[in-house]
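Reproduced below: start-v5.txt, with compact mmCIF, C-alpha atoms.
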# COMPACT_ATOMS: atom_id res chain seq x y z
CA MET A 1 78.82 289.26 -86.87
CA PHE A 2 77.96 287.43 -90.05
CA LEU A 3 76.74 288.13 -93.57
CA LYS A 4 73.21 287.34 -94.70
CA THR A 5 71.52 287.83 -98.06
CA ILE A 6 68.18 289.62 -97.71
CA ASP A 7 65.68 289.93 -100.56
CA PHE A 8 64.37 293.48 -100.21
CA SER A 9 61.53 292.83 -102.65
CA LYS A 10 60.09 290.73 -99.82
CA PHE A 11 61.74 292.28 -96.73
CA SER A 12 61.04 296.00 -97.23
CA SER A 13 57.55 297.35 -96.58
CA ILE A 14 57.38 298.88 -100.08
CA LYS A 15 58.51 295.55 -101.63
CA VAL A 16 61.15 297.18 -103.83
CA GLY A 17 64.73 295.96 -104.13
CA GLN A 18 66.81 292.89 -104.82
CA PRO A 19 68.72 290.23 -102.89
CA THR A 20 71.47 292.15 -101.08
CA GLU A 21 74.21 291.02 -98.70
CA VAL A 22 73.76 292.57 -95.25
CA LEU A 23 76.09 292.35 -92.24
CA ILE A 24 74.29 291.15 -89.08
CA ILE A 25 75.65 292.84 -85.94
CA GLU A 26 75.67 290.79 -82.72
CA LYS A 27 76.27 291.88 -79.13
CA ASN A 28 79.88 292.76 -78.27
CA ASP A 29 80.79 293.19 -81.96
CA ILE A 30 82.88 296.16 -82.96
CA ILE A 31 80.48 298.08 -85.18
CA PRO A 32 81.98 298.86 -88.62
CA LYS A 33 82.28 302.48 -89.73
CA ASP A 34 82.01 301.72 -93.45
CA ARG A 35 78.42 300.42 -93.51
CA VAL A 36 74.98 302.00 -93.29
CA ILE A 37 72.72 300.75 -90.51
CA ILE A 38 69.13 299.90 -91.42
CA GLY A 39 66.15 298.70 -89.43
CA GLN A 40 63.23 296.66 -90.71
CA ALA A 41 63.10 298.69 -93.95
CA ASN A 42 59.71 300.29 -93.25
CA ASN A 43 60.68 303.69 -94.63
CA LEU A 44 63.42 302.52 -96.98
CA LEU A 45 63.67 302.56 -100.77
CA LEU A 46 66.60 300.42 -101.89
CA SER A 47 68.32 301.29 -105.16
CA PRO A 48 70.00 298.73 -107.44
CA THR A 49 73.38 300.01 -106.14
CA PRO A 50 73.05 300.47 -102.37
CA PRO A 51 76.01 301.16 -100.06
CA PRO A 52 77.25 298.34 -97.80
CA LEU A 53 74.50 297.66 -95.25
CA MET A 54 74.24 296.27 -91.73
CA ILE A 55 71.41 295.44 -89.35
CA LEU A 56 71.16 294.61 -85.64
CA SER A 57 70.59 290.96 -84.75
CA LYS A 58 67.70 289.73 -82.62
CA GLU A 59 70.03 289.90 -79.61
CA PHE A 60 69.14 293.61 -79.57
CA SER A 61 65.41 292.84 -79.27
CA PHE A 62 64.66 293.02 -75.53
CA ILE A 63 62.76 295.03 -72.91
CA GLU A 64 63.85 295.42 -69.29
CA LEU A 65 62.03 297.43 -66.57
CA GLU A 66 63.74 298.20 -63.28
CA ASP A 67 63.14 301.05 -60.80
CA ASN A 68 61.07 303.08 -63.32
CA ILE A 69 63.84 302.84 -65.92
CA LEU A 70 62.81 301.06 -69.10
CA THR A 71 65.70 299.81 -71.26
CA VAL A 72 64.83 298.65 -74.76
CA GLY A 73 67.05 297.18 -77.46
CA CYS A 74 66.94 298.95 -80.80
CA ALA A 75 65.94 295.80 -82.71
CA THR A 76 62.76 295.53 -80.63
CA PRO A 77 59.59 295.74 -82.76
CA THR A 78 57.30 298.66 -81.99
CA GLY A 79 54.36 296.29 -81.50
CA LYS A 80 56.24 294.51 -78.72
CA ILE A 81 56.98 297.83 -77.01
CA LEU A 82 53.35 298.91 -77.22
CA SER A 83 52.14 295.60 -75.75
CA PHE A 84 54.62 295.90 -72.88
CA ALA A 85 53.52 299.49 -72.16
CA LYS A 86 49.84 298.46 -72.10
CA LYS A 87 50.50 295.45 -69.88
CA ASN A 88 52.58 297.50 -67.43
CA ASN A 89 50.44 300.67 -67.58
CA LEU A 90 53.26 302.89 -68.87
CA ALA A 91 52.35 306.38 -70.07
CA GLY A 92 53.60 308.02 -73.24
CA PHE A 93 53.88 305.06 -75.59
CA GLU A 94 50.38 305.22 -77.09
CA PHE A 95 51.49 306.86 -80.36
CA ILE A 96 53.73 303.90 -81.20
CA SER A 97 50.59 302.06 -82.29
CA LYS A 98 50.74 304.14 -85.47
CA LEU A 99 54.34 303.31 -86.30
CA PRO A 100 55.72 300.06 -87.78
CA GLY A 101 59.30 298.79 -87.59
CA THR A 102 61.76 298.75 -84.71
CA LEU A 103 62.83 301.17 -82.00
CA GLY A 104 66.15 301.86 -83.75
CA GLY A 105 64.38 303.08 -86.86
CA MET A 106 62.12 305.30 -84.77
CA VAL A 107 65.07 306.85 -82.97
CA ALA A 108 67.06 307.38 -86.17
CA MET A 109 64.31 309.53 -87.67
CA ASN A 110 62.67 310.79 -84.45
CA ALA A 111 59.49 309.10 -85.62
CA GLY A 112 56.16 310.28 -84.36
CA VAL A 113 52.51 311.11 -84.96
CA LYS A 114 51.46 314.75 -84.90
CA SER A 115 52.98 316.26 -81.73
CA TYR A 116 54.02 312.87 -80.32
CA GLU A 117 57.67 311.96 -81.05
CA ILE A 118 60.01 309.31 -79.67
CA PHE A 119 62.52 311.93 -78.44
CA ASN A 120 59.77 313.41 -76.26
CA ILE A 121 59.75 310.32 -74.06
CA LEU A 122 63.27 308.85 -74.20
CA ASP A 123 66.02 309.79 -71.73
CA GLU A 124 69.26 308.55 -73.26
CA ILE A 125 70.56 306.45 -76.13
CA LYS A 126 73.45 304.01 -76.27
CA ILE A 127 75.42 305.02 -79.38
CA ASP A 128 78.57 303.13 -80.33
CA ASN A 129 78.53 301.58 -76.81
CA LYS A 130 78.35 304.95 -74.99
CA TRP A 131 75.24 306.27 -73.21
CA ILE A 132 74.38 309.80 -74.38
CA LYS A 133 71.65 312.02 -72.93
CA LYS A 134 69.05 313.11 -75.48
CA ASP A 135 69.78 316.79 -74.77
CA ASN A 136 73.25 316.20 -76.20
CA ILE A 137 71.85 314.78 -79.45
CA GLU A 138 70.70 317.18 -82.15
CA HIS A 139 67.15 316.27 -83.14
CA GLY A 140 63.93 317.76 -84.48
CA TYR A 141 60.97 317.05 -86.72
CA ARG A 142 61.64 313.67 -88.34
CA PHE A 143 65.41 313.74 -87.87
CA SER A 144 68.12 312.98 -85.34
CA LYS A 145 71.87 313.21 -85.71
CA LEU A 146 73.06 310.15 -83.80
CA LYS A 147 76.60 310.22 -85.24
CA GLY A 148 76.87 306.48 -84.74
CA VAL A 149 74.82 303.30 -84.31
CA ALA A 150 72.14 303.24 -81.62
CA THR A 151 71.78 299.86 -79.91
CA GLU A 152 69.74 300.57 -76.74
CA VAL A 153 67.44 303.28 -75.38
CA ARG A 154 66.48 304.20 -71.84
CA PHE A 155 63.18 305.76 -70.80
CA LYS A 156 62.20 307.19 -67.41
CA VAL A 157 58.67 305.88 -67.17
CA THR A 158 55.52 306.81 -65.29
CA ASN A 159 52.21 305.01 -64.97
CA GLY A 160 49.05 305.91 -66.85
CA PHE A 161 48.68 304.24 -70.26
CA ASN A 162 45.91 306.19 -72.03
CA LYS A 163 43.60 303.80 -73.91
CA GLY A 164 41.47 306.68 -75.16
CA LEU A 165 44.49 308.31 -76.79
CA LEU A 166 45.50 304.95 -78.23
CA GLN A 167 42.12 304.57 -79.97
CA GLU A 168 42.29 308.15 -81.23
CA LEU A 169 45.68 307.54 -82.82
CA VAL A 170 44.72 304.14 -84.22
CA SER A 171 41.76 305.77 -85.98
CA LEU A 172 44.20 307.91 -87.96
CA ARG A 173 45.16 304.75 -89.86
CA SER A 174 41.84 304.79 -91.69
CA ASN A 175 43.28 307.01 -94.43
CA GLN A 176 46.39 304.94 -94.99
CA PRO A 177 46.60 302.55 -97.97
CA LYS A 178 46.87 298.82 -97.41
CA THR A 179 48.95 298.39 -100.60
CA PRO A 180 52.71 297.98 -99.88
CA SER A 181 54.34 301.36 -99.19
CA ALA A 182 57.11 302.94 -97.17
CA GLY A 183 54.79 305.23 -95.24
CA SER A 184 54.93 308.97 -95.75
CA VAL A 185 57.36 309.86 -98.53
CA PHE A 186 57.80 313.53 -97.58
CA LYS A 187 57.90 315.44 -94.31
CA ASN A 188 55.02 317.85 -93.87
CA PRO A 189 56.10 321.43 -94.62
CA LYS A 190 55.54 323.84 -91.75
CA GLY A 191 51.87 324.76 -91.58
CA ASP A 192 50.86 322.47 -94.44
CA TYR A 193 50.62 318.83 -95.51
CA ALA A 194 52.70 317.12 -98.18
CA GLY A 195 49.69 315.05 -99.22
CA ARG A 196 47.61 318.17 -99.84
CA LEU A 197 50.34 319.70 -101.99
CA ILE A 198 50.83 316.51 -104.04
CA GLU A 199 47.09 316.32 -104.65
CA ALA A 200 46.94 320.04 -105.52
CA VAL A 201 49.42 319.58 -108.37
CA GLY A 202 47.36 316.74 -109.82
CA LEU A 203 49.51 313.77 -108.83
CA LYS A 204 47.07 311.91 -106.58
CA GLY A 205 46.73 308.48 -108.21
CA PHE A 206 49.45 309.24 -110.77
CA ARG A 207 51.28 306.08 -111.75
CA LYS A 208 54.52 305.01 -113.41
CA GLY A 209 54.91 301.29 -113.94
CA ASP A 210 53.69 299.57 -110.79
CA MET A 211 54.51 302.57 -108.58
CA GLN A 212 51.75 305.06 -107.83
CA TRP A 213 50.93 308.07 -105.65
CA SER A 214 48.14 306.52 -103.62
CA GLU A 215 44.53 307.39 -104.35
CA ILE A 216 43.84 307.04 -100.61
CA HIS A 217 46.66 309.22 -99.21
CA SER A 218 48.63 311.33 -101.68
CA ASN A 219 51.85 311.28 -99.63
CA PHE A 220 52.07 307.48 -99.81
CA LEU A 221 53.89 305.86 -102.72
CA VAL A 222 52.44 302.39 -103.24
CA ASN A 223 53.69 299.34 -105.11
CA HIS A 224 51.13 297.37 -107.10
CA GLY A 225 53.34 294.34 -107.55
CA ASN A 226 56.60 294.75 -109.44
CA GLY A 227 57.53 298.33 -108.65
CA LEU A 228 61.02 299.53 -109.53
CA CYS A 229 63.22 301.94 -107.64
CA GLU A 230 63.70 304.03 -110.80
CA ASP A 231 59.93 304.48 -111.15
CA ALA A 232 59.59 305.42 -107.49
CA GLN A 233 62.43 307.92 -107.84
CA TYR A 234 60.78 309.39 -110.94
CA LEU A 235 57.53 309.97 -109.04
CA ILE A 236 59.36 311.47 -106.06
CA ASP A 237 61.31 313.88 -108.27
CA LEU A 238 58.17 314.77 -110.22
CA ALA A 239 56.28 315.65 -107.05
CA LYS A 240 59.13 317.80 -105.78
CA GLU A 241 59.36 319.65 -109.11
CA LYS A 242 55.63 320.27 -109.50
CA VAL A 243 55.08 321.36 -105.90
CA PHE A 244 58.01 323.76 -106.03
CA ASN A 245 56.93 325.23 -109.36
CA LYS A 246 53.39 325.85 -108.15
CA PHE A 247 53.85 326.67 -104.45
CA LYS A 248 57.60 327.46 -104.10
CA VAL A 249 57.70 324.80 -101.37
CA LYS A 250 60.63 322.40 -101.23
CA LEU A 251 59.44 318.93 -100.24
CA ILE A 252 61.97 317.03 -98.14
CA GLU A 253 62.02 313.24 -98.13
CA GLU A 254 61.06 311.37 -94.99
CA ILE A 255 61.69 308.10 -96.83
CA LYS A 256 65.33 306.94 -96.88
CA ILE A 257 66.75 306.18 -100.31
CA LEU A 258 69.90 304.05 -100.36

Serialized structure, structure tokens:
Amino acid sequence: MFLKTIDFSKFSSIKVGQPTEVLIIEKNDIIPKDRVIIGQANNLLLSPTPPPLMILSKEFSFIELEDNILTVGCATPTGKILSFAKKNNLAGFEFISKLPGTLGGMVAMNAGVKSYEIFNILDEIKIDNKWIKKDNIEHGYRFSKLKGVATEVRFKVTNGFNKGLLQELVSLRSNQPKTPSAGSVFKNPKGDYAGRLIEAVGLKGFRKGDMQWSEIHSNFLVNHGNGLCEDAQYLIDLAKEKVFNKFKVKLIEEIKIL
């Protein structure tokens, strides 16, 4: 393992943060208990005072297929997984086309699109160097309680990559802003949409500094150049307050704030 300074104003998808020292974990390292694991910072908002951070090295970016068991390292980019699934005609991975980042980030938040979630297709996860079946891991809509650091995932795969489903899911991107963001800020409340609620309280397009609730998709917080964490936090808190006051609905963050 080694330390590396990462500038989160360039590294994170929302382009908010500062140069921060991060511990890079390599294979066979003993994983520290006093640091927070992050992925490629696609759903991360970094504060000026984050906890000690760590990230998996590129040694954990690999894909191996043997006897219908697919083993994937948690630092593997989602685009690489999707390409492998297409090339090898593997079913169930089509929804990954909608999701940026790495496998580890997907697993940590049980990422998905509509009814498609990563826990639906995985079999077991290597957590703190022990393989654990998914049925023994508490998980649900946009959360999983890994109780450790995931480094590898196994899938029992079948053939039948669905190109029609892939195109259907890719088309959902048409309402997502191109401006830097961290994806959906809030989880969708049961039976409703966070974006609809944010728009209904008049916050669509509302801006503070360079941070703004997107005019394209109200549940996306976008950065117009020099956005600050404090401005993003203000907008998040404002949305939660207004939505609760009007609809008595508590919005829960999907974005991770460290």

Which value, in Å to one decimal, gives the distance between atom CA of Leu122 of chain A and atom CA of Lys156 of chain A?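 That distance, rounded to one decimal, is 7.1 Å.
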
Write out as a short mmCIF file (atom, residue, chain, number, x, y, z; two decimals) with C-alpha atoms, in the coordinates of the input each polymer residue whose atoms come within 7 Å of segment 202-219 of chain A, counting only C-alpha atoms; drop sequence neighbours fewer than 6 positions from it.
data_model
loop_
_atom_site.label_atom_id
_atom_site.label_comp_id
_atom_site.auth_asym_id
_atom_site.auth_seq_id
_atom_site.Cartn_x
_atom_site.Cartn_y
_atom_site.Cartn_z
CA ASN A 175 43.28 307.01 -94.43
CA GLN A 176 46.39 304.94 -94.99
CA PRO A 177 46.60 302.55 -97.97
CA SER A 184 54.93 308.97 -95.75
CA VAL A 185 57.36 309.86 -98.53
CA PHE A 186 57.80 313.53 -97.58
CA ALA A 194 52.70 317.12 -98.18
CA GLY A 195 49.69 315.05 -99.22
CA GLY A 225 53.34 294.34 -107.55
CA ASN A 226 56.60 294.75 -109.44
CA GLY A 227 57.53 298.33 -108.65
CA ASP A 231 59.93 304.48 -111.15
CA ALA A 232 59.59 305.42 -107.49
#

So which residues are close to (59.6, 321.6, -100.0), meaning at most 10 Å away in the file's coordinates with all atoms listed in the file counted, and can you show them as a PyMOL selection string? chain A and resi 186-190+194+197+239-241+243-244+247-253

For Ile37 of chain A, which residue out of A:Val222, A:Ala200, A:Leu3, A:Val149 is the nearest one, using all atoms listed in the file?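 Once distances to Ile37 of chain A are computed over all atoms listed in the file, the minimum belongs to A:Val149.
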
A:Gly140, A:Lys242, A:Thr179, A:Ala91: which is nearest His224 of chain A, counting only C-alpha atoms? A:Thr179

When you count all atoms listed in the file, which of these residues is closest to Ser47 of chain A: A:Val153, A:Leu258, A:Leu103, A:Leu23?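 For Ser47 of chain A, the nearest of the candidates is A:Leu258.
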